[in-house]
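Next comes target-v2.csv, a file with CSV, C-alpha atoms.
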chain,number,residue,atom,x,y,z
A,160,MET,CA,-16.8,-36.6,39.3
A,161,THR,CA,-18.2,-33.7,41.4
A,162,GLU,CA,-18.9,-31.6,38.3
A,163,SER,CA,-21.7,-33.9,37.3
A,164,LEU,CA,-23.6,-33.2,40.6
A,165,ASP,CA,-26.6,-30.9,40.7
A,166,TRP,CA,-25.0,-28.5,43.2
A,167,ARG,CA,-27.9,-26.0,43.1
A,168,ARG,CA,-30.3,-28.6,44.6
A,169,ILE,CA,-27.6,-30.0,46.9
A,170,THR,CA,-26.9,-26.5,48.2
A,171,HIS,CA,-30.6,-25.9,48.8
A,172,LEU,CA,-30.8,-29.1,50.9
A,173,VAL,CA,-27.6,-28.1,52.8
A,174,VAL,CA,-29.2,-24.8,53.8
A,175,ILE,CA,-32.4,-26.6,55.0
A,176,ASN,CA,-30.3,-28.8,57.2
A,177,VAL,CA,-28.7,-25.8,58.9
A,178,PHE,CA,-32.2,-25.1,60.3
A,179,VAL,CA,-32.8,-28.7,61.1
A,180,GLY,CA,-29.8,-28.8,63.3
A,181,GLY,CA,-30.7,-25.5,64.9
A,182,MET,CA,-33.9,-27.0,66.2
A,183,VAL,CA,-31.9,-29.4,68.3
A,184,GLY,CA,-29.4,-26.7,69.3
A,185,ILE,CA,-32.1,-24.7,71.2
A,186,GLU,CA,-32.1,-27.4,73.8
A,187,ARG,CA,-28.4,-28.4,74.1
A,188,THR,CA,-27.3,-25.7,76.6
A,189,VAL,CA,-30.5,-24.6,78.3
A,190,LEU,CA,-32.8,-27.6,78.9
A,191,PRO,CA,-30.7,-29.6,81.3
A,192,LEU,CA,-30.3,-26.4,83.4
A,193,LEU,CA,-34.0,-25.6,83.1
A,194,ALA,CA,-34.8,-29.0,84.6
A,195,GLU,CA,-32.9,-28.3,87.8
A,196,VAL,CA,-33.5,-24.5,88.1
A,197,GLU,CA,-37.2,-24.1,87.1
A,198,PHE,CA,-38.6,-27.6,87.6
A,199,GLY,CA,-36.5,-28.7,90.6
A,200,ILE,CA,-35.5,-32.1,89.2
A,201,ALA,CA,-32.5,-33.5,91.1
A,202,SER,CA,-32.3,-37.0,89.7
A,203,LYS,CA,-30.0,-37.2,86.7
A,204,THR,CA,-32.1,-40.1,85.3
A,205,ALA,CA,-35.2,-37.9,85.4
A,206,VAL,CA,-33.4,-34.9,83.9
A,207,LEU,CA,-32.1,-37.0,81.0
A,208,ALA,CA,-35.5,-38.5,80.3
A,209,PHE,CA,-36.2,-35.7,77.8
A,210,ILE,CA,-33.2,-36.9,75.7
A,211,ALA,CA,-34.4,-40.5,75.9
A,212,THR,CA,-37.9,-39.4,74.8
A,213,PHE,CA,-36.4,-37.6,71.8
A,214,GLY,CA,-34.1,-40.4,70.9
A,215,LEU,CA,-36.7,-43.2,71.0
A,216,THR,CA,-39.1,-41.2,68.9
A,217,LYS,CA,-36.5,-40.2,66.4
A,218,ALA,CA,-35.2,-43.7,66.1
A,219,GLY,CA,-38.6,-45.2,65.5
A,220,VAL,CA,-39.7,-42.6,62.9
A,221,ASN,CA,-36.3,-43.0,61.2
A,222,PHE,CA,-37.1,-46.6,60.5
A,223,PHE,CA,-40.4,-46.0,58.9
A,224,ALA,CA,-39.3,-42.8,57.1
A,225,GLY,CA,-36.8,-44.5,54.9
A,226,THR,CA,-39.2,-47.2,53.7
A,227,LEU,CA,-42.1,-44.7,53.5
A,228,SER,CA,-40.1,-42.3,51.3
A,229,GLU,CA,-39.6,-45.1,48.8
A,230,ARG,CA,-43.4,-45.2,48.4
A,231,ILE,CA,-44.6,-41.6,48.7
A,232,GLY,CA,-41.5,-39.5,47.9
A,233,ARG,CA,-39.0,-37.5,49.9
A,234,LYS,CA,-40.5,-34.0,49.9
A,235,ARG,CA,-43.8,-34.9,51.5
A,236,LEU,CA,-42.0,-36.3,54.5
A,237,LEU,CA,-39.6,-33.3,54.6
A,238,VAL,CA,-42.6,-30.9,54.8
A,239,ALA,CA,-44.4,-33.0,57.3
A,240,GLY,CA,-41.3,-32.9,59.5
A,241,TRP,CA,-41.3,-29.1,59.6
A,242,LEU,CA,-45.0,-28.9,60.3
A,243,THR,CA,-44.4,-31.2,63.3
A,244,GLY,CA,-41.5,-29.0,64.5
A,245,ILE,CA,-43.3,-25.6,64.7
A,246,PRO,CA,-45.0,-26.3,68.0
A,247,VAL,CA,-41.8,-27.5,69.8
A,248,PRO,CA,-40.3,-24.1,70.8
A,249,LEU,CA,-43.7,-22.7,71.7
A,250,ILE,CA,-44.4,-25.6,74.1
A,251,LEU,CA,-40.9,-25.2,75.7
A,252,ILE,CA,-41.6,-21.5,76.2
A,253,TRP,CA,-44.9,-22.1,78.1
A,254,ALA,CA,-44.5,-25.6,79.5
A,255,PRO,CA,-46.0,-25.6,83.0
A,256,SER,CA,-44.5,-29.0,84.0
A,257,TRP,CA,-41.7,-31.3,82.9
A,258,SER,CA,-44.3,-33.7,81.2
A,259,TRP,CA,-44.9,-30.9,78.7
A,260,VAL,CA,-41.2,-30.8,78.0
A,261,LEU,CA,-41.2,-34.5,77.3
A,262,PHE,CA,-44.1,-34.1,75.0
A,263,ALA,CA,-42.3,-31.4,73.1
A,264,ASN,CA,-39.4,-33.8,72.7
A,265,ILE,CA,-41.6,-36.4,71.1
A,266,LEU,CA,-42.5,-33.8,68.5
A,267,LEU,CA,-38.9,-32.8,68.1
A,268,GLY,CA,-38.0,-36.4,67.6
A,269,ILE,CA,-40.5,-36.7,64.7
A,270,ASN,CA,-39.3,-33.4,63.3
A,271,GLN,CA,-35.7,-34.5,63.3
A,272,ALA,CA,-36.3,-38.0,62.0
A,273,LEU,CA,-38.3,-36.8,59.0
A,274,THR,CA,-36.3,-33.7,58.1
A,275,TRP,CA,-32.8,-34.9,58.7
A,276,SER,CA,-33.5,-38.4,57.2
A,277,MET,CA,-34.9,-36.8,54.1
A,278,THR,CA,-32.0,-34.3,53.6
A,279,VAL,CA,-29.6,-37.3,53.8
A,280,VAL,CA,-31.6,-39.5,51.5
A,281,MET,CA,-32.2,-36.7,49.0
A,282,LYS,CA,-28.5,-35.9,48.8
A,283,VAL,CA,-27.6,-39.5,48.3
A,284,ASP,CA,-30.2,-39.6,45.5
A,285,LEU,CA,-28.4,-36.7,43.8
A,286,ALA,CA,-24.9,-38.2,44.4
A,287,THR,CA,-22.8,-40.9,42.8
A,288,PRO,CA,-21.2,-43.7,44.7
A,289,ARG,CA,-17.8,-41.9,44.4
A,290,THR,CA,-19.3,-38.8,46.1
A,291,PHE,CA,-21.4,-40.2,48.9
A,292,GLY,CA,-18.9,-39.1,51.5
A,293,LEU,CA,-18.6,-35.6,50.0
A,294,VAL,CA,-22.4,-34.8,49.9
A,295,ILE,CA,-23.1,-36.5,53.2
A,296,GLY,CA,-20.2,-34.6,54.8
A,297,TRP,CA,-21.8,-31.3,53.6
A,298,ASN,CA,-25.2,-32.4,54.9
A,299,GLU,CA,-23.9,-33.3,58.4
A,300,PHE,CA,-21.6,-30.2,58.4
A,301,ALA,CA,-24.7,-28.0,57.8
A,302,GLY,CA,-26.8,-29.7,60.5
A,303,TYR,CA,-24.2,-29.6,63.2
A,304,THR,CA,-23.1,-26.1,62.4
A,305,GLY,CA,-26.7,-25.0,63.0
A,306,MET,CA,-26.8,-27.0,66.2
A,307,ALA,CA,-23.5,-25.6,67.5
A,308,ALA,CA,-24.3,-21.9,66.6
A,309,THR,CA,-27.7,-22.2,68.3
A,310,ALA,CA,-26.3,-23.9,71.4
A,311,ALA,CA,-23.8,-21.1,71.9
A,312,LEU,CA,-26.3,-18.4,71.1
A,313,THR,CA,-28.9,-19.8,73.5
A,314,GLY,CA,-26.3,-19.7,76.3
A,315,VAL,CA,-25.7,-16.0,75.6
A,316,LEU,CA,-29.5,-15.3,75.5
A,317,ALA,CA,-30.1,-17.3,78.7
A,318,THR,CA,-27.4,-15.3,80.5
A,319,SER,CA,-28.9,-12.0,79.4
A,320,PHE,CA,-32.6,-12.7,79.5
A,321,GLY,CA,-33.1,-15.9,81.6
A,322,LEU,CA,-33.7,-19.5,80.7
A,323,ARG,CA,-37.1,-18.8,79.2
A,324,PRO,CA,-38.5,-17.5,76.9
A,325,ALA,CA,-35.7,-15.9,74.9
A,326,PRO,CA,-33.6,-19.0,74.0
A,327,PHE,CA,-36.6,-20.9,72.7
A,328,ALA,CA,-38.1,-17.9,70.7
A,329,LEU,CA,-35.2,-18.4,68.3
A,330,GLY,CA,-36.6,-21.8,67.5
A,331,VAL,CA,-39.9,-20.4,66.2
A,332,ALA,CA,-38.2,-18.4,63.5
A,333,MET,CA,-36.0,-21.4,62.5
A,334,ALA,CA,-39.0,-23.7,62.2
A,335,LEU,CA,-40.9,-21.2,59.9
A,336,ILE,CA,-37.8,-20.6,57.7
A,337,GLY,CA,-37.2,-24.4,57.5
A,338,LEU,CA,-40.8,-25.0,56.4
A,339,ALA,CA,-40.6,-22.3,53.7
A,340,LEU,CA,-37.3,-23.8,52.3
A,341,ALA,CA,-38.8,-27.3,52.3
A,342,LEU,CA,-41.8,-26.2,50.3
A,343,ALA,CA,-39.5,-24.8,47.7
A,344,ALA,CA,-37.5,-28.0,47.4
A,345,LYS,CA,-37.9,-30.5,44.5
A,346,ASP,CA,-38.4,-34.2,45.2
A,347,THR,CA,-35.5,-36.5,44.4
A,348,LYS,CA,-37.1,-40.0,44.4
A,349,PRO,CA,-35.0,-41.8,41.8
A,350,PRO,CA,-36.5,-43.5,38.8
A,351,ALA,CA,-34.5,-46.6,39.6
A,352,ASN,CA,-37.1,-47.3,42.3
A,353,GLN,CA,-39.5,-48.3,39.6
A,354,ALA,CA,-36.9,-49.9,37.3
A,355,SER,CA,-37.9,-53.3,35.9
A,356,GLY,CA,-36.1,-56.1,37.7
A,357,ALA,CA,-35.2,-54.0,40.7
A,358,ARG,CA,-36.2,-56.1,43.7
A,359,THR,CA,-37.6,-54.0,46.6
A,360,ILE,CA,-37.3,-55.5,50.1
A,361,SER,CA,-39.7,-55.5,52.9
A,362,MET,CA,-39.4,-53.5,56.1
A,363,GLY,CA,-38.7,-56.7,58.0
A,364,GLU,CA,-35.9,-57.8,55.6
A,365,ALA,CA,-34.3,-54.3,55.8
A,366,LEU,CA,-34.4,-54.5,59.6
A,367,ALA,CA,-32.8,-58.0,59.6
A,368,ARG,CA,-30.0,-56.9,57.3
A,369,GLY,CA,-29.2,-53.8,59.2
A,370,THR,CA,-29.3,-55.6,62.6
A,371,TRP,CA,-27.8,-59.1,62.2
A,372,THR,CA,-27.8,-60.9,58.8
A,373,ASP,CA,-25.4,-58.5,57.0
A,374,ARG,CA,-22.3,-58.2,59.2
A,375,ARG,CA,-21.2,-54.9,57.6
A,376,LEU,CA,-24.5,-53.2,58.1
A,377,ALA,CA,-24.9,-54.6,61.6
A,378,SER,CA,-21.4,-53.3,62.5
A,379,ALA,CA,-22.4,-49.9,61.2
A,380,SER,CA,-25.6,-49.9,63.3
A,381,LEU,CA,-23.6,-50.8,66.4
A,382,ALA,CA,-21.0,-48.1,65.8
A,383,GLY,CA,-23.7,-45.5,65.2
A,384,LEU,CA,-25.6,-46.5,68.3
A,385,VAL,CA,-22.5,-46.1,70.5
A,386,THR,CA,-21.6,-42.8,68.9
A,387,ASN,CA,-25.1,-41.4,69.8
A,388,LEU,CA,-24.9,-43.1,73.2
A,389,LYS,CA,-22.0,-40.9,73.9
A,390,ASP,CA,-23.8,-37.8,72.5
A,391,GLY,CA,-26.8,-38.5,74.7
A,392,ALA,CA,-24.6,-38.7,77.8
A,393,LEU,CA,-22.8,-35.5,76.9
A,394,TRP,CA,-26.0,-33.7,76.0
A,395,GLY,CA,-27.5,-34.3,79.4
A,396,LEU,CA,-24.5,-34.4,81.7
A,397,LEU,CA,-22.0,-32.0,80.3
A,398,PRO,CA,-23.9,-28.8,81.1
A,399,LEU,CA,-24.5,-30.1,84.7
A,400,LEU,CA,-20.8,-31.1,85.1
A,401,LEU,CA,-19.6,-27.7,83.9
A,402,ALA,CA,-22.1,-25.8,86.0
A,403,ALA,CA,-21.2,-27.8,89.1
A,404,ARG,CA,-17.5,-26.9,88.6
A,405,GLY,CA,-18.3,-23.2,88.6
A,406,LEU,CA,-18.5,-22.2,85.0
A,407,SER,CA,-21.0,-19.6,83.9
A,408,VAL,CA,-24.0,-20.3,81.6
A,409,THR,CA,-22.1,-18.4,78.8
A,410,GLU,CA,-19.0,-20.6,79.3
A,411,VAL,CA,-21.1,-23.7,79.4
A,412,GLY,CA,-22.8,-22.6,76.1
A,413,LEU,CA,-19.3,-22.0,74.6
A,414,ILE,CA,-18.1,-25.5,75.4
A,415,VAL,CA,-21.3,-27.2,74.6
A,416,GLY,CA,-21.4,-25.3,71.3
A,417,THR,CA,-17.7,-26.0,70.4
A,418,TYR,CA,-18.2,-29.8,70.5
A,419,PRO,CA,-20.8,-29.9,67.7
A,420,LEU,CA,-19.1,-27.0,65.8
A,421,VAL,CA,-15.9,-29.1,65.5
A,422,TRP,CA,-18.0,-32.1,64.8
A,423,ALA,CA,-19.6,-30.1,62.0
A,424,GLY,CA,-16.5,-28.7,60.4
A,425,SER,CA,-14.4,-31.9,60.5
A,426,GLN,CA,-17.0,-33.7,58.5
A,427,LEU,CA,-16.1,-31.5,55.5
A,428,VAL,CA,-12.7,-33.2,55.7
A,429,PHE,CA,-13.5,-36.8,56.7
A,430,GLY,CA,-16.6,-37.3,54.5
A,431,PRO,CA,-14.7,-36.6,51.2
A,432,LEU,CA,-11.5,-38.3,52.6
A,433,SER,CA,-13.5,-41.5,53.1
A,434,ASP,CA,-14.2,-41.5,49.4
A,435,ARG,CA,-10.5,-41.7,48.8
A,436,VAL,CA,-9.1,-43.9,51.6
A,437,GLY,CA,-12.1,-46.0,52.5
A,438,ARG,CA,-14.5,-45.9,55.4
A,439,ARG,CA,-13.3,-48.4,58.0
A,440,ILE,CA,-10.1,-46.8,59.1
A,441,LEU,CA,-11.9,-43.5,59.8
A,442,ILE,CA,-14.7,-45.2,61.7
A,443,TRP,CA,-12.6,-47.2,64.1
A,444,SER,CA,-10.1,-44.4,64.8
A,445,GLY,CA,-13.0,-42.0,65.3
A,446,LEU,CA,-14.5,-44.2,67.9
A,447,VAL,CA,-11.3,-44.3,69.9
A,448,THR,CA,-10.8,-40.5,69.5
A,449,GLN,CA,-14.3,-39.9,70.9
A,450,GLY,CA,-13.5,-42.1,73.9
A,451,LEU,CA,-10.3,-40.0,74.5
A,452,GLY,CA,-12.3,-36.8,74.3
A,453,VAL,CA,-14.9,-37.9,76.8
A,454,SER,CA,-12.2,-39.0,79.2
A,455,LEU,CA,-10.6,-35.6,79.0
A,456,PHE,CA,-13.8,-33.9,80.3
A,457,THR,CA,-13.5,-35.9,83.5
A,458,VAL,CA,-9.9,-34.9,84.3
A,459,SER,CA,-10.0,-31.2,83.1
A,460,ASP,CA,-10.3,-28.3,85.5
A,461,SER,CA,-10.2,-25.1,83.5
A,462,LEU,CA,-11.9,-23.5,80.5
A,463,PRO,CA,-9.0,-24.1,78.1
A,464,LEU,CA,-8.8,-27.8,79.0
A,465,TYR,CA,-12.6,-28.2,78.6
A,466,MET,CA,-12.2,-26.6,75.2
A,467,ILE,CA,-9.5,-29.1,74.2
A,468,ALA,CA,-11.7,-32.0,75.3
A,469,ALA,CA,-14.6,-30.5,73.2
A,470,LEU,CA,-12.2,-30.3,70.2
A,471,VAL,CA,-11.1,-33.9,70.6
A,472,VAL,CA,-14.5,-35.4,71.0
A,473,GLY,CA,-15.9,-33.3,68.2
A,474,THR,CA,-13.2,-34.4,65.8
A,475,GLY,CA,-13.8,-38.1,66.7
A,476,THR,CA,-17.5,-37.7,66.1
A,477,GLY,CA,-16.8,-36.0,62.7
A,478,MET,CA,-14.6,-38.9,61.7
A,479,VAL,CA,-17.5,-41.4,62.0
A,480,TYR,CA,-20.8,-39.5,61.4
A,481,PRO,CA,-20.8,-39.0,57.6
A,482,VAL,CA,-18.6,-42.0,57.0
A,483,LEU,CA,-21.0,-44.4,58.6
A,484,LEU,CA,-23.8,-43.1,56.4
A,485,ALA,CA,-21.6,-43.5,53.3
A,486,PHE,CA,-20.6,-47.0,54.6
A,487,VAL,CA,-24.3,-48.0,54.7
A,488,SER,CA,-24.9,-46.4,51.2
A,489,ASP,CA,-21.9,-48.4,49.8
A,490,ASN,CA,-23.4,-51.7,51.1
A,491,SER,CA,-27.0,-51.2,49.9
A,492,ASP,CA,-28.5,-51.1,46.4
A,493,ILE,CA,-30.3,-48.0,45.2
A,494,HIS,CA,-33.8,-49.5,45.2
A,495,TRP,CA,-33.6,-50.2,49.0
A,496,ARG,CA,-30.9,-47.7,50.1
A,497,ALA,CA,-33.4,-45.4,51.8
A,498,SER,CA,-34.7,-48.3,53.8
A,499,ALA,CA,-31.1,-49.4,54.7
A,500,LEU,CA,-30.3,-45.8,55.9
A,501,GLY,CA,-33.6,-45.8,57.8
A,502,VAL,CA,-32.6,-49.0,59.7
A,503,TYR,CA,-29.1,-47.6,60.4
A,504,ARG,CA,-30.6,-44.4,61.8
A,505,LEU,CA,-33.1,-46.4,63.8
A,506,TRP,CA,-30.2,-48.0,65.7
A,507,ARG,CA,-28.0,-45.0,65.7
A,508,ASP,CA,-30.6,-42.7,67.3
A,509,SER,CA,-31.6,-45.4,69.8
A,510,GLY,CA,-28.2,-44.5,71.2
A,511,TYR,CA,-29.7,-41.3,72.5
A,512,ALA,CA,-32.1,-43.1,74.8
A,513,VAL,CA,-29.5,-45.8,75.8
A,514,GLY,CA,-26.9,-43.1,76.6
A,515,ALA,CA,-29.2,-40.7,78.3
A,516,LEU,CA,-30.9,-43.2,80.6
A,517,GLY,CA,-27.8,-45.3,81.2
A,518,ALA,CA,-25.6,-42.3,81.9
A,519,GLY,CA,-28.3,-40.8,84.1
A,520,PHE,CA,-28.6,-44.0,86.1
A,521,ILE,CA,-24.9,-44.4,86.5
A,522,ALA,CA,-24.5,-40.7,87.4
A,523,ASP,CA,-27.1,-41.1,90.2
A,524,GLN,CA,-25.0,-44.0,91.6
A,525,ILE,CA,-21.4,-43.0,91.2
A,526,GLY,CA,-21.5,-39.4,89.9
A,527,VAL,CA,-21.2,-37.6,86.6
A,528,ASP,CA,-17.5,-38.3,86.3
A,529,GLY,CA,-18.1,-42.0,86.7
A,530,ALA,CA,-20.8,-42.0,84.1
A,531,LEU,CA,-18.6,-40.3,81.5
A,532,SER,CA,-15.7,-42.7,82.3
A,533,VAL,CA,-18.0,-45.7,81.6
A,534,THR,CA,-19.1,-44.0,78.3
A,535,ALA,CA,-15.4,-43.7,77.2
A,536,VAL,CA,-14.8,-47.4,77.8
A,537,VAL,CA,-17.9,-48.3,75.8
A,538,LEU,CA,-16.6,-46.3,72.8
A,539,VAL,CA,-13.3,-48.2,72.8
A,540,ALA,CA,-15.1,-51.5,73.1
A,541,ALA,CA,-17.3,-50.6,70.1
A,542,CYS,CA,-14.2,-49.9,68.1
A,543,ALA,CA,-13.0,-53.5,68.6
A,544,LEU,CA,-16.4,-54.9,67.7
A,545,PHE,CA,-16.7,-52.8,64.6
A,546,SER,CA,-13.2,-53.9,63.4
A,547,LEU,CA,-14.2,-57.5,63.8
A,548,GLY,CA,-17.5,-57.2,62.1
A,549,ALA,CA,-16.9,-54.8,59.2
A,550,GLN,CA,-15.1,-55.9,56.1
A,551,LYS,CA,-13.2,-53.3,54.1
A,552,THR,CA,-15.5,-51.2,52.0
A,553,HIS,CA,-15.0,-48.4,49.5
A,554,SER,CA,-17.4,-46.8,47.0

Could you quickly redo this structure as structure tokens?
Amino acid sequence: MTESLDWRRITHLVVINVFVGGMVGIERTVLPLLAEVEFGIASKTAVLAFIATFGLTKAGVNFFAGTLSERIGRKRLLVAGWLTGIPVPLILIWAPSWSWVLFANILLGINQALTWSMTVVMKVDLATPRTFGLVIGWNEFAGYTGMAATAALTGVLATSFGLRPAPFALGVAMALIGLALALAAKDTKPPANQASGARTISMGEALARGTWTDRRLASASLAGLVTNLKDGALWGLLPLLLAARGLSVTEVGLIVGTYPLVWAGSQLVFGPLSDRVGRRILIWSGLVTQGLGVSLFTVSDSLPLYMIAALVVGTGTGMVYPVLLAFVSDNSDIHWRASALGVYRLWRDSGYAVGALGAGFIADQIGVDGALSVTAVVLVAACALFSLGAQKTHS
């Protein structure tokens, strides 16, 4: 079936998403350290506020982006997302206070919601139900490869040139290249949206289906939320945990970069595999694998062991990330699929805020190790709830 796909357009969108992921990667290694070193923020809850700001903004815009793209097209939102992203690295370079960093992350949340949502929706537009996992796997691979490479590179730059401005200057170039690529893209809004007899649904109905009335969509929303809850906790706490245990900024960048790199690469396997074996088995086993990986971080005491933990948690994340998007696509019709994906991404990216604030609060009470242990337990519990709520699905 893959020979019928328009691979030229899909490849163009894949390349765009490399730069979308890179925009987040400029923060993964450096920003938690910047909070403590340059801004003197000791509270873990306050440090992780930048992730919560990012997550809440991205989640909210995701919700509206799906439905809005049904009305005005995908490309306009893609371009708007890149225009919003250009100021982000500039603000991070010159931010005189932590409030400016939080403002930059509002803009980054809008950038990520519009650009990443549209690359997903546009690829699904170009795919067939039997290839949802394949094309979404490539999309997510591209985004998280960009994130991983940038996270590792910013660690090297920070070691050589300091926490500012060199690591964030990289983001300026990525934003400008991403905008140029977006302007060259063609829209993919399917004609089926205007097909006679196709019943569109309201934003409220889409929200209801993805939250409680459709058990399969609601289960996917929960699994996505908990997956990003874990990512929010690791994003904020892992650099602090590793630095406190004596690792250099370069080593921190290596570990922090390895996790999304494995996450990225494994999606090329698990996305297409879900087209063959079904979605549910990969989702619930991926949730458990993530929990195991997070637990390993708390008991490791050397660089090789931290790398193994990053490999495990990255693999578990790769098992669920493209597959949940394909799962939602399976269970929604073409004329409201973008809205369904928007609702799913609303709840999934809310997990950043829940994870960041929750893990920060717990870390302030019982330490970083305790916060990560609680995160691991939540992942295993989510596996049980997903298994109960999701019926078997296959494209």

For this session: Tell me which of A:Ala515, A:Ile521, A:Val247, A:Ile231 sits closest to Ala332 (chain A), counting only C-alpha atoms.
Result: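 Ranked by minimum distance to Ala332 (chain A), first place goes to A:Val247.
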
Problem set entry | Å distance separating CA of Gly416 (chain A) from CA of Leu381 (chain A), one decimal place | 26.1 Å

Exercise. Which one is closest to Lys282 (chain A): A:Ile169, A:Ala469, A:Ile525, A:Ala543? Count only C-alpha atoms.
Worked result: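 The answer is A:Ile169, which sits nearest to Lys282 (chain A).
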
For this session: Rank nothing, just name the residue among A:Gly369, A:Gly305, A:Gly473, A:Pro255 nearest to Arg496 (chain A), using all atoms listed in the file.
Result: A:Gly369

For this session: Using only C-alpha atoms, pick whichever of A:Met182, A:Ala497, A:Leu384, A:Val238 has the shortest atom-to-atom distance to Gly510 (chain A).
Result: A:Leu384

Problem set entry | Given all atoms listed in the file as the counted atoms, nearest of A:Ala328, A:Leu500, A:Ile414, A:Ile336 to Ile467 (chain A) |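 The shortest atom-to-atom distance to Ile467 (chain A) comes from A:Ile414.
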
Exercise. When distances are computed from all atoms listed in the file, which of A:Gly292, A:Gly395, A:Pro324, A:Gly232 shows the smallest separation from Asp346 (chain A)?
Worked result: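 Smallest distance to Asp346 (chain A) is found for A:Gly232.
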
Exercise. Can you tell me, as a PyMOL selection string, what residues are no more than 12 Å from Ala423 (chain A) when counting all atoms listed in the file, ignoring any on the same chain fewer than 3 positions away?
Worked result: chain A and resi 176-177+180+295-308+416-420+426-430+470+472-481

Output the selection as an mmCIF file, in the frame of the given file - C-alpha atoms for each residue.
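Written output follows (selection37.cif):
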data_model
loop_
_atom_site.group_PDB
_atom_site.id
_atom_site.type_symbol
_atom_site.label_atom_id
_atom_site.label_comp_id
_atom_site.auth_asym_id
_atom_site.auth_seq_id
_atom_site.Cartn_x
_atom_site.Cartn_y
_atom_site.Cartn_z
ATOM 1 C CA ASN A 176 -30.300 -28.800 57.200
ATOM 2 C CA VAL A 177 -28.700 -25.800 58.900
ATOM 3 C CA GLY A 180 -29.800 -28.800 63.300
ATOM 4 C CA ILE A 295 -23.100 -36.500 53.200
ATOM 5 C CA GLY A 296 -20.200 -34.600 54.800
ATOM 6 C CA TRP A 297 -21.800 -31.300 53.600
ATOM 7 C CA ASN A 298 -25.200 -32.400 54.900
ATOM 8 C CA GLU A 299 -23.900 -33.300 58.400
ATOM 9 C CA PHE A 300 -21.600 -30.200 58.400
ATOM 10 C CA ALA A 301 -24.700 -28.000 57.800
ATOM 11 C CA GLY A 302 -26.800 -29.700 60.500
ATOM 12 C CA TYR A 303 -24.200 -29.600 63.200
ATOM 13 C CA THR A 304 -23.100 -26.100 62.400
ATOM 14 C CA GLY A 305 -26.700 -25.000 63.000
ATOM 15 C CA MET A 306 -26.800 -27.000 66.200
ATOM 16 C CA ALA A 307 -23.500 -25.600 67.500
ATOM 17 C CA ALA A 308 -24.300 -21.900 66.600
ATOM 18 C CA GLY A 416 -21.400 -25.300 71.300
ATOM 19 C CA THR A 417 -17.700 -26.000 70.400
ATOM 20 C CA TYR A 418 -18.200 -29.800 70.500
ATOM 21 C CA PRO A 419 -20.800 -29.900 67.700
ATOM 22 C CA LEU A 420 -19.100 -27.000 65.800
ATOM 23 C CA GLN A 426 -17.000 -33.700 58.500
ATOM 24 C CA LEU A 427 -16.100 -31.500 55.500
ATOM 25 C CA VAL A 428 -12.700 -33.200 55.700
ATOM 26 C CA PHE A 429 -13.500 -36.800 56.700
ATOM 27 C CA GLY A 430 -16.600 -37.300 54.500
ATOM 28 C CA LEU A 470 -12.200 -30.300 70.200
ATOM 29 C CA VAL A 472 -14.500 -35.400 71.000
ATOM 30 C CA GLY A 473 -15.900 -33.300 68.200
ATOM 31 C CA THR A 474 -13.200 -34.400 65.800
ATOM 32 C CA GLY A 475 -13.800 -38.100 66.700
ATOM 33 C CA THR A 476 -17.500 -37.700 66.100
ATOM 34 C CA GLY A 477 -16.800 -36.000 62.700
ATOM 35 C CA MET A 478 -14.600 -38.900 61.700
ATOM 36 C CA VAL A 479 -17.500 -41.400 62.000
ATOM 37 C CA TYR A 480 -20.800 -39.500 61.400
ATOM 38 C CA PRO A 481 -20.800 -39.000 57.600
#
